[in-house]
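This is data-v7.cif. It holds mmCIF, C-alpha atoms.
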```
data_my_file
#
loop_
_atom_site.label_atom_id
_atom_site.label_comp_id
_atom_site.auth_asym_id
_atom_site.auth_seq_id
_atom_site.Cartn_x
_atom_site.Cartn_y
_atom_site.Cartn_z
CA MET A 1 128.50 107.55 107.03
CA LYS A 2 126.51 104.41 106.79
CA ARG A 3 127.17 102.65 103.53
CA THR A 4 123.87 102.39 101.75
CA LEU A 5 123.88 99.56 99.27
CA SER A 6 122.84 100.29 95.74
CA TYR A 7 119.36 98.97 95.09
CA PHE A 8 120.36 95.35 94.93
CA GLY A 9 123.99 95.32 96.00
CA THR A 10 126.13 92.23 96.25
CA ALA A 11 125.30 91.58 99.89
CA GLU A 12 121.59 91.76 99.16
CA LYS A 13 121.95 89.45 96.19
CA LYS A 14 123.82 86.94 98.35
CA PHE A 15 121.20 87.22 101.04
CA LEU A 16 118.40 86.84 98.52
CA PHE A 17 120.06 83.81 97.03
CA ALA A 18 120.46 82.27 100.49
CA CYS A 19 116.79 82.95 101.13
CA LEU A 20 115.77 81.41 97.86
CA LEU A 21 117.84 78.36 98.58
CA ALA A 22 116.55 78.08 102.14
CA GLY A 23 113.02 78.74 100.94
CA THR A 24 113.20 76.01 98.37
CA ILE A 25 114.89 73.44 100.56
CA LEU A 26 113.36 74.06 103.98
CA ALA A 27 109.90 75.40 103.39
CA GLY A 28 109.27 73.40 100.26
CA CYS A 29 107.57 76.39 98.68
CA ALA A 30 105.10 75.29 96.08
CA PRO A 31 106.01 76.86 92.78
CA SER A 32 103.52 79.55 91.91
CA ARG A 33 103.14 82.25 89.30
CA SER A 34 102.54 85.91 90.00
CA LEU A 35 101.19 88.33 87.45
CA ILE A 36 101.70 92.01 88.26
CA VAL A 37 100.11 94.70 86.10
CA LEU A 38 100.77 98.44 86.37
CA LEU A 39 97.57 100.48 86.09
CA PRO A 40 96.97 104.21 85.69
CA GLU A 41 95.58 105.96 88.78
CA ALA A 42 92.15 107.58 88.77
CA ASP A 43 93.67 110.90 87.62
CA GLY A 44 95.51 109.17 84.77
CA LYS A 45 98.95 109.31 86.42
CA VAL A 46 101.20 106.29 86.09
CA GLY A 47 103.84 105.46 88.70
CA LYS A 48 106.56 102.85 88.73
CA ILE A 49 107.05 99.41 90.21
CA ASP A 50 110.17 97.29 90.62
CA VAL A 51 109.39 93.59 90.51
CA GLN A 52 112.10 91.53 92.12
CA SER A 53 112.21 87.75 91.80
CA ARG A 54 114.81 85.04 91.58
CA GLY A 55 115.09 85.81 87.85
CA GLY A 56 116.17 89.39 88.59
CA THR A 57 114.53 92.80 88.93
CA VAL A 58 112.26 94.31 86.30
CA ARG A 59 111.06 97.91 86.34
CA VAL A 60 107.62 98.65 84.93
CA ASP A 61 106.63 102.25 84.18
CA GLN A 62 104.17 101.88 81.28
CA PRO A 63 100.42 101.56 81.92
CA TYR A 64 98.91 98.09 81.34
CA HIS A 65 102.35 96.50 81.20
CA ALA A 66 102.61 93.27 83.13
CA VAL A 67 105.36 91.15 84.64
CA ASP A 68 104.76 87.41 84.72
CA VAL A 69 106.90 85.82 87.42
CA GLY A 70 107.22 82.04 87.22
CA SER A 71 109.20 79.87 89.60
CA THR A 72 112.56 79.99 87.84
CA GLU A 73 112.79 81.81 84.55
CA ILE A 74 113.57 85.48 84.02
CA PRO A 75 110.30 87.40 84.28
CA ALA A 76 108.77 88.43 81.01
CA HIS A 77 107.51 91.96 80.42
CA LYS A 78 104.46 92.33 78.20
CA GLN A 79 101.57 94.64 77.46
CA MET A 80 98.08 93.41 78.32
CA THR A 81 94.85 94.59 76.78
CA GLN A 82 92.40 96.44 79.02
CA VAL A 83 89.78 93.78 78.25
CA GLU A 84 92.13 91.05 79.44
CA ILE A 85 92.93 92.98 82.63
CA ALA A 86 89.25 93.71 83.32
CA SER A 87 88.31 90.03 83.04
CA ARG A 88 91.28 88.64 85.00
CA PHE A 89 90.89 91.13 87.86
CA GLU A 90 87.14 91.55 87.68
CA GLY A 91 86.51 90.57 91.32
CA ALA A 92 89.19 92.79 92.86
CA LEU A 93 88.53 95.80 90.61
CA ALA A 94 84.78 95.68 91.33
CA VAL A 95 85.37 96.41 95.03
CA GLU A 96 88.28 98.84 94.70
CA PRO A 97 87.56 101.48 97.38
CA THR A 98 86.88 104.97 96.06
CA GLN A 99 89.80 107.32 96.65
CA ARG A 100 88.63 109.91 99.17
CA TYR A 101 91.39 112.44 98.63
CA GLN A 102 93.85 113.63 96.07
CA LEU A 103 97.55 113.15 96.92
CA ASN A 104 99.96 115.32 94.95
CA VAL A 105 103.73 115.13 95.22
CA SER A 106 106.08 118.03 94.40
CA ILE A 107 109.86 117.96 94.73
CA LEU A 108 111.90 121.09 95.47
CA TYR A 109 115.70 121.05 95.38
CA CYS A 110 117.98 122.71 97.91
CA LEU A 111 121.45 124.19 97.63
CA ARG A 112 124.42 122.24 98.96
CA GLY A 113 124.47 122.03 102.77
CA ASP A 114 121.69 124.59 102.92
CA THR A 115 117.96 124.93 103.42
CA ALA A 116 117.74 127.54 100.62
CA LEU A 117 116.20 126.40 97.37
CA THR A 118 117.73 126.45 93.89
CA PRO A 119 116.47 129.38 91.78
CA GLN A 120 114.25 127.05 89.72
CA SER A 121 112.75 125.40 92.82
CA GLN A 122 112.15 128.83 94.34
CA LYS A 123 109.97 129.60 91.29
CA ASP A 124 108.30 126.20 91.55
CA LEU A 125 107.51 126.85 95.22
CA THR A 126 105.90 130.19 94.40
CA ALA A 127 103.79 128.48 91.72
CA LEU A 128 102.86 125.63 94.07
CA VAL A 129 101.74 127.98 96.84
CA ALA A 130 99.66 129.97 94.34
CA LYS A 131 98.06 126.74 93.11
CA LEU A 132 97.28 125.59 96.66
CA LYS A 133 95.74 128.97 97.50
CA LYS A 134 93.51 128.83 94.43
CA GLY A 135 92.53 125.14 94.32
CA PRO A 136 90.76 122.93 96.86
CA ARG A 137 91.99 123.79 100.35
CA PRO A 138 94.73 121.34 101.45
CA ILE A 139 93.66 119.06 104.30
CA ASP A 140 97.21 117.99 105.15
CA ILE A 141 100.60 119.11 103.94
CA TYR A 142 103.52 116.72 104.49
CA LEU A 143 107.04 118.11 104.16
CA VAL A 144 109.77 115.48 103.89
CA GLY A 145 113.40 116.61 104.06
CA HIS A 146 116.22 114.70 102.36
CA ALA A 147 119.99 115.12 101.93
CA ASP A 148 122.72 113.68 99.73
CA ARG A 149 125.59 111.62 101.18
CA LEU A 150 128.19 114.38 101.42
CA GLY A 151 129.30 114.50 105.06
CA PRO A 152 128.38 112.32 108.03
CA GLU A 153 125.03 110.54 108.19
CA SER A 154 124.05 112.31 111.44
CA TYR A 155 124.81 115.68 109.83
CA ASN A 156 122.63 114.79 106.87
CA LEU A 157 119.76 113.69 109.08
CA ALA A 158 119.92 117.04 110.88
CA LEU A 159 120.23 118.88 107.55
CA SER A 160 117.14 117.14 106.17
CA GLN A 161 115.29 118.09 109.36
CA ARG A 162 116.34 121.73 108.90
CA ARG A 163 115.21 121.65 105.26
CA ALA A 164 111.77 120.37 106.23
CA SER A 165 111.52 122.91 109.09
CA ALA A 166 112.52 125.79 106.83
CA MET A 167 109.84 124.75 104.36
CA ARG A 168 107.33 124.62 107.21
CA THR A 169 108.21 128.22 108.07
CA VAL A 170 107.58 129.22 104.45
CA PHE A 171 104.17 127.53 104.43
CA LEU A 172 103.23 129.12 107.76
CA SER A 173 104.22 132.56 106.47
CA CYS A 174 102.03 131.93 103.43
CA GLY A 175 99.08 131.51 105.75
CA PHE A 176 98.66 127.73 105.95
CA ALA A 177 97.50 126.55 109.37
CA PRO A 178 100.17 124.94 111.57
CA ASP A 179 97.92 121.97 112.41
CA ILE A 180 97.79 120.77 108.79
CA ILE A 181 101.58 120.73 108.35
CA THR A 182 103.60 117.65 109.29
CA ILE A 183 107.35 117.38 108.80
CA SER A 184 109.50 114.26 108.41
CA ALA A 185 113.26 113.91 107.99
CA MET A 186 114.79 111.04 106.04
CA GLY A 187 118.48 112.13 106.04
CA GLU A 188 120.42 110.35 103.31
CA SER A 189 118.36 107.16 103.56
CA SER A 190 115.92 107.77 100.72
CA PRO A 191 117.84 109.06 97.69
CA LEU A 192 116.28 109.69 94.30
CA VAL A 193 119.63 108.78 92.79
CA GLU A 194 121.79 106.09 94.40
CA THR A 195 125.39 107.12 95.08
CA GLU A 196 128.44 105.97 97.01
CA ASP A 197 129.09 107.69 100.33
CA ASP A 198 130.48 111.25 100.38
CA ILE A 199 129.38 111.90 96.81
CA GLU A 200 127.51 115.08 95.89
CA ALA A 201 124.10 114.50 94.37
CA PRO A 202 122.07 117.69 93.82
CA MET A 203 118.99 115.55 92.97
CA ASN A 204 119.01 114.12 96.49
CA ARG A 205 119.12 117.49 98.32
CA ARG A 206 115.46 118.11 98.42
CA VAL A 207 112.16 118.59 100.21
CA GLU A 208 109.26 116.51 98.97
CA ILE A 209 105.87 118.09 99.47
CA VAL A 210 102.86 115.79 99.60
CA VAL A 211 99.52 117.58 99.64
CA LYS A 212 96.33 115.81 100.61
CA SER A 213 93.27 117.65 99.38
CA ARG A 214 89.63 116.96 98.55
CA LYS A 215 89.10 115.56 95.11
CA ALA A 216 88.08 118.12 92.53
CA GLU A 217 84.42 117.53 91.72
CA MET B 1 111.42 87.30 117.36
CA VAL B 2 109.89 88.42 114.12
CA LYS B 3 108.36 91.39 115.91
CA THR B 4 111.70 92.49 117.36
CA MET B 5 113.29 92.17 113.96
CA LEU B 6 110.59 94.27 112.45
CA THR B 7 111.00 96.99 115.06
CA LEU B 8 114.74 97.04 114.55
CA MET B 9 114.66 96.99 110.80
CA ILE B 10 111.58 98.98 109.97
CA ARG B 11 113.25 102.41 109.79
CA SER B 12 115.37 101.62 106.79
CA GLY B 13 113.52 101.27 103.52
CA LYS B 14 116.48 99.44 102.00
CA THR B 15 116.23 96.88 104.75
CA LEU B 16 112.63 96.27 103.76
CA VAL B 17 113.92 94.79 100.51
CA LEU B 18 115.74 92.18 102.55
CA LEU B 19 112.86 91.78 104.91
CA GLY B 20 110.56 91.30 101.93
CA ALA B 21 112.82 88.58 100.61
CA PHE B 22 113.00 87.02 104.03
CA PHE B 23 109.23 86.91 104.38
CA THR B 24 108.75 85.77 100.83
CA PHE B 25 111.06 82.88 100.84
CA CYS B 26 111.86 81.78 104.36
CA ILE B 27 109.98 82.59 107.44
CA VAL B 28 106.39 83.47 107.47
CA PRO B 29 103.74 80.98 106.51
CA CYS B 30 100.77 82.79 105.07
CA GLU B 31 98.51 82.58 108.11
CA ILE B 32 100.81 84.10 110.72
CA GLY B 33 101.71 87.68 111.42
CA SER B 34 102.86 89.47 114.55
CA ALA B 35 99.97 90.75 116.60
CA SER B 36 99.22 94.39 117.29
CA ASP B 37 95.89 95.85 118.22
CA ALA B 38 96.30 99.23 116.52
CA MET B 39 93.61 99.85 113.94
CA ILE B 40 95.23 100.48 110.60
CA GLY B 41 92.36 100.44 108.15
CA GLU B 42 88.74 99.53 107.63
CA VAL B 43 86.66 97.46 105.26
CA SER B 44 84.89 99.86 102.91
CA ASP B 45 83.56 97.54 100.19
CA LEU B 46 82.28 93.99 100.47
CA ARG B 47 80.62 91.23 98.48
CA GLY B 48 79.88 87.68 99.69
CA ALA B 49 81.65 85.98 102.58
CA VAL B 50 85.01 87.29 103.76
CA PHE B 51 86.88 86.48 106.99
CA ILE B 52 89.73 87.94 109.00
CA TYR B 53 92.06 85.44 110.66
CA ARG B 54 93.55 87.10 113.74
CA GLY B 55 95.53 84.81 116.04
CA ASN B 56 93.14 81.94 116.72
CA GLU B 57 90.06 83.97 115.88
CA ARG B 58 88.06 83.88 112.69
CA ILE B 59 86.12 87.12 112.35
CA PRO B 60 83.37 87.56 109.74
CA VAL B 61 83.94 90.80 107.86
CA GLU B 62 81.37 93.58 107.61
CA ILE B 63 81.55 97.06 106.13
CA GLY B 64 83.37 99.14 108.73
CA THR B 65 85.30 96.22 110.28
CA TRP B 66 88.71 97.44 111.44
CA LEU B 67 91.94 95.71 110.50
CA GLN B 68 95.10 95.20 112.53
CA LYS B 69 98.67 94.50 111.54
CA GLY B 70 99.12 90.73 111.27
CA ASP B 71 95.58 90.11 110.06
CA THR B 72 94.99 87.66 107.24
CA LEU B 73 92.04 88.35 104.95
CA LYS B 74 90.44 85.40 103.19
CA THR B 75 87.72 85.59 100.58
CA GLY B 76 85.48 82.68 99.55
CA PRO B 77 84.45 81.69 96.02
CA ASP B 78 81.81 84.48 95.99
CA GLY B 79 83.68 86.92 98.24
CA SER B 80 85.54 90.11 97.51
CA VAL B 81 86.61 92.93 99.79
CA GLY B 82 87.99 96.48 99.65
CA VAL B 83 90.13 97.94 102.44
CA TYR B 84 90.83 101.63 103.07
CA PHE B 85 93.97 102.17 105.17
CA ASN B 86 94.70 105.10 107.52
CA ASP B 87 97.24 106.58 105.12
CA GLU B 88 94.76 106.47 102.17
CA THR B 89 96.29 103.31 100.70
CA THR B 90 93.55 101.10 99.23
CA LEU B 91 93.63 97.39 98.59
CA SER B 92 90.96 95.07 97.28
CA LEU B 93 90.81 91.29 96.93
CA GLY B 94 88.90 89.20 94.42
CA PRO B 95 87.35 85.77 95.15
CA GLU B 96 89.39 82.85 96.53
CA SER B 97 92.15 85.12 97.78
CA ARG B 98 94.34 85.15 100.87
CA MET B 99 96.43 88.10 101.98
CA THR B 100 98.37 88.93 105.16
CA ILE B 101 99.32 92.39 106.42
CA LEU B 102 102.93 91.85 107.50
CA ALA B 103 103.86 95.43 108.37
CA TYR B 104 102.06 98.72 108.69
CA LEU B 105 103.49 101.85 110.21
CA PHE B 106 102.36 105.39 109.49
CA GLU B 107 104.04 107.82 111.88
CA PRO B 108 105.06 110.80 109.73
CA LYS B 109 106.02 112.95 112.74
CA ARG B 110 108.61 110.34 113.72
CA SER B 111 109.58 109.66 110.09
CA ASN B 112 108.49 106.02 110.52
CA PHE B 113 106.82 104.35 107.57
CA ALA B 114 106.21 100.72 106.61
CA PHE B 115 103.73 98.93 104.41
CA MET B 116 104.11 95.29 103.55
CA VAL B 117 101.42 92.83 102.56
CA LYS B 118 101.73 89.32 101.17
CA LEU B 119 99.25 87.95 98.68
CA CYS B 120 99.45 84.16 99.00
CA LYS B 121 96.80 83.37 96.44
CA GLY B 122 94.08 84.99 94.40
CA SER B 123 93.96 88.50 93.04
CA ALA B 124 94.34 92.03 94.40
CA ALA B 125 94.25 95.64 93.30
CA TYR B 126 96.38 98.24 95.10
CA VAL B 127 96.53 102.03 95.06
CA SER B 128 99.37 103.87 96.86
CA GLY B 129 98.58 106.07 99.79
CA LEU B 130 100.73 108.44 101.83
CA ILE B 131 103.21 105.76 102.96
CA ALA B 132 104.35 105.05 99.39
CA LYS B 133 104.24 108.75 98.47
CA LEU B 134 106.16 109.99 101.52
CA SER B 135 108.64 107.12 101.65
CA PRO B 136 108.63 104.95 98.50
CA ASP B 137 111.37 102.68 99.87
CA SER B 138 109.05 101.68 102.72
CA ALA B 139 106.22 100.18 100.65
CA ARG B 140 106.42 96.55 99.55
CA PHE B 141 103.94 94.09 98.08
CA VAL B 142 105.01 90.48 98.38
CA THR B 143 103.86 87.37 96.50
CA PRO B 144 105.25 83.82 96.84
CA SER B 145 107.55 84.39 93.87
CA SER B 146 108.27 88.12 93.92
CA THR B 147 108.69 91.30 95.93
CA ILE B 148 107.31 94.48 94.41
CA GLY B 149 108.78 97.87 95.26
CA ILE B 150 106.16 100.56 94.84
CA ARG B 151 106.85 104.11 93.68
CA GLY B 152 103.46 105.79 94.10
CA THR B 153 101.09 103.92 91.82
CA ARG B 154 98.15 101.66 91.12
CA MET B 155 98.54 98.01 90.19
CA ALA B 156 96.81 94.63 90.05
CA ILE B 157 98.37 91.36 91.21
CA GLN B 158 97.38 87.75 90.66
CA VAL B 159 98.89 84.65 92.28
CA GLU B 160 98.06 81.22 90.96
#
```
Show me the file's structure as structure tokens.
Amino acid sequence: MKRTLSYFGTAEKKFLFACLLAGTILAGCAPSRSLIVLLPEADGKVGKIDVQSRGGTVRVDQPYHAVDVGSTEIPAHKQMTQVEIASRFEGALAVEPTQRYQLNVSILYCLRGDTALTPQSQKDLTALVAKLKKGPRPIDIYLVGHADRLGPESYNLALSQRRASAMRTVFLSCGFAPDIITISAMGESSPLVETEDDIEAPMNRRVEIVVKSRKAE
Amino acid sequence: MVKTMLTLMIRSGKTLVLLGAFFTFCIVPCEIGSASDAMIGEVSDLRGAVFIYRGNERIPVEIGTWLQKGDTLKTGPDGSVGVYFNDETTLSLGPESRMTILAYLFEPKRSNFAFMVKLCKGSAAYVSGLIAKLSPDSARFVTPSSTIGIRGTRMAIQVE
């Protein structure tokens, strides 16, 4: 029943502050600016970043939005033009390695304390398997089990392991080769939704499926 | 000491937030990282002169040069470099840049994941690979004034 701190809990804030102080005083860090811009991936998908600085944490989830982190002030959040981005990052973008594979993430939710899926996720699994059978053959399939914080931490680690193993059995029975399937178990350590200990969180009872496949031509 | 800390702390993604802060603000000067000879990625794209600083060595970079955890990549005024990591993460640097690979661990069978680089100056472009997709809490990009948590994405970073 390890207490997982919420993303930036009090202890972390204190620690961060101590670091900042120590950093400023001891290391004499030269003030510098950082500009961070969220870009769409090759397939058009846009993820999320959390930019943490002494001014606080800013989440960016819109393409071409940038966070400008100075030495002291609260970071500003602004949209940049694609022309501006292309000229500022010309050097780095010109040598961006070509993505060799496609990585797709699916999330399936499990019932409480169980490896069985919710009715909706059962349908989603059927659809996913059909898609994988039809599309480019998967090169690797990663199955990552997770649990919420109801019950002891050790129990939840074992439960997440069972969830990933059960999913492996499903994939094997669907005819995917055992050597392309890898399972991981994260227990309650990697929630989608942060909660206090011993709280039910259906969103966190899940198996994440990451499929690596050849890029569609 | 740093290495032991890393080994102890690496399993928890949450801890990486702290570790990120620690590296950002306190401990690690840009040139130093803990040594490990495992090959974690290779140079796939290159323009101009680029060097790897590994311990006391300065290694000229070529296409196909392998990288290790702890390596610092430095590009000259005409240099730029693209790196393809084992977990399909990609990272490229523009001219006049310096970046250190502080942590890299991709052991899905043991549920061990870590990715942490620090851009000390210059510009970079990053695309998430399996580490950030399988364990988003384990991927961090650090600059002198910020720590970036990555939830499966592509981004560009500039430090000036």
Checklist entry - Using all atoms listed in the file, which of B:Met39, B:Ala132, B:Val142, B:Leu93 sits nearest chain A? => result B:Leu93
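For chain B, the residues within 6 Å of chain A are Phe25, Cys26, Asp45, Gly82, Ser92, Leu93, Gly94, Pro108, Lys109, Ser111, Ala124, Ala125, Ser146, Thr147, Ile148, Gly149, Ile150, Arg151, Gly152, Thr153, Arg154, Met155, Ala156, Ile157, Gln158, Val159 and Glu160 of chain B, with only C-alpha atoms used to measure distance.
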Atoms kept (C-alpha atoms) for selection, written as a PDB file, in the coordinates of the input:
```
ATOM      1  CA  PHE B  25     111.060  82.880 100.840  1.00  0.00           C
ATOM      2  CA  CYS B  26     111.860  81.780 104.360  1.00  0.00           C
ATOM      3  CA  ASP B  45      83.560  97.540 100.190  1.00  0.00           C
ATOM      4  CA  GLY B  82      87.990  96.480  99.650  1.00  0.00           C
ATOM      5  CA  SER B  92      90.960  95.070  97.280  1.00  0.00           C
ATOM      6  CA  LEU B  93      90.810  91.290  96.930  1.00  0.00           C
ATOM      7  CA  GLY B  94      88.900  89.200  94.420  1.00  0.00           C
ATOM      8  CA  PRO B 108     105.060 110.800 109.730  1.00  0.00           C
ATOM      9  CA  LYS B 109     106.020 112.950 112.740  1.00  0.00           C
ATOM     10  CA  SER B 111     109.580 109.660 110.090  1.00  0.00           C
ATOM     11  CA  ALA B 124      94.340  92.030  94.400  1.00  0.00           C
ATOM     12  CA  ALA B 125      94.250  95.640  93.300  1.00  0.00           C
ATOM     13  CA  SER B 146     108.270  88.120  93.920  1.00  0.00           C
ATOM     14  CA  THR B 147     108.690  91.300  95.930  1.00  0.00           C
ATOM     15  CA  ILE B 148     107.310  94.480  94.410  1.00  0.00           C
ATOM     16  CA  GLY B 149     108.780  97.870  95.260  1.00  0.00           C
ATOM     17  CA  ILE B 150     106.160 100.560  94.840  1.00  0.00           C
ATOM     18  CA  ARG B 151     106.850 104.110  93.680  1.00  0.00           C
ATOM     19  CA  GLY B 152     103.460 105.790  94.100  1.00  0.00           C
ATOM     20  CA  THR B 153     101.090 103.920  91.820  1.00  0.00           C
ATOM     21  CA  ARG B 154      98.150 101.660  91.120  1.00  0.00           C
ATOM     22  CA  MET B 155      98.540  98.010  90.190  1.00  0.00           C
ATOM     23  CA  ALA B 156      96.810  94.630  90.050  1.00  0.00           C
ATOM     24  CA  ILE B 157      98.370  91.360  91.210  1.00  0.00           C
ATOM     25  CA  GLN B 158      97.380  87.750  90.660  1.00  0.00           C
ATOM     26  CA  VAL B 159      98.890  84.650  92.280  1.00  0.00           C
ATOM     27  CA  GLU B 160      98.060  81.220  90.960  1.00  0.00           C
TER      28      GLU B 160
END
```
Next on the checklist: Could you tell me how far atom CA of B:Glu96 sits from atom CA of B:Lys69, in Å to one decimal place?
Outcome noted: 21.1 Å
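Selection result for the displayed file, with the PyMOL selection byres ((chain B and resi 43) around 9) as criterion, is Pro97 of chain A; Gly41, Glu42, Ser44, Asp45, Leu46, Val61, Glu62, Ile63, Gly64, Thr65, Trp66, Leu67, Val81, Gly82, Val83, Tyr84 and Phe85 of chain B.
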Checklist entry - Just how far from atom CA of B:Met99 is atom CA of A:Val60, in Å to one decimal? => result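 Taking atom CA of A:Val60 and atom CA of B:Met99, their separation equals 23.0 Å.
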Item to check | Residue contacts of B:Gly129 (6 Å, all atoms listed in the file) excluding same-chain residues fewer than 5 positions away, as a PyMOL selection string | outcome: chain B and resi 87-89
Checklist entry - Which of these residues is nearest to B:Ile101, using only C-alpha atoms: B:Arg47, B:Arg58, B:Lys118, B:Lys74? => result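 Using only C-alpha atoms, B:Ile101 sits closest to B:Lys118.
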Item to check | Atomic distance atom CA of B:Thr143 - atom CA of B:Thr72, expressed in Å with one decimal | outcome: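 Taking atom CA of B:Thr143 and atom CA of B:Thr72, their separation equals 13.9 Å.
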Is it possible to get the axis-aligned box enclosing stretch 195-209 of chain A (all listed atoms, 6 Å extra per side) as AutoDock Vina command-line options, with centre and edge lengths in Å rounded to one decimal?
```
--center_x 118.2 --center_y 112.3 --center_z 96.7 --size_x 36.6 --size_y 24.6 --size_z 19.4
```
Checklist entry - Using only C-alpha atoms, which of A:Asn204, A:Ser213, A:Thr195, A:Asn156 sits nearest A:Cys110? => result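 Residue with the minimum atom-to-atom distance to A:Cys110: A:Asn204.
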Checklist entry - Taking only C-alpha atoms into account, which of A:Arg112, A:His146, A:Lys134, A:Lys215 comes nearest A:Ala158? => result A:His146
Residues picked by the PyMOL selection byres ((chain A and resi 168-179) around 10) here, as a short mmCIF file (atom, residue, chain, number, x, y, z; two decimals) with C-alpha atoms, in the frame of the given file?
```cif
data_model
loop_
_atom_site.label_atom_id
_atom_site.label_comp_id
_atom_site.auth_asym_id
_atom_site.auth_seq_id
_atom_site.Cartn_x
_atom_site.Cartn_y
_atom_site.Cartn_z
CA LEU A 125 107.51 126.85 95.22
CA THR A 126 105.90 130.19 94.40
CA VAL A 129 101.74 127.98 96.84
CA ALA A 130 99.66 129.97 94.34
CA LEU A 132 97.28 125.59 96.66
CA LYS A 133 95.74 128.97 97.50
CA ARG A 137 91.99 123.79 100.35
CA PRO A 138 94.73 121.34 101.45
CA ILE A 139 93.66 119.06 104.30
CA ASP A 140 97.21 117.99 105.15
CA ILE A 141 100.60 119.11 103.94
CA TYR A 142 103.52 116.72 104.49
CA LEU A 143 107.04 118.11 104.16
CA ARG A 162 116.34 121.73 108.90
CA ARG A 163 115.21 121.65 105.26
CA ALA A 164 111.77 120.37 106.23
CA SER A 165 111.52 122.91 109.09
CA ALA A 166 112.52 125.79 106.83
CA MET A 167 109.84 124.75 104.36
CA ILE A 180 97.79 120.77 108.79
CA ILE A 181 101.58 120.73 108.35
CA THR A 182 103.60 117.65 109.29
CA ILE A 183 107.35 117.38 108.80
#
```
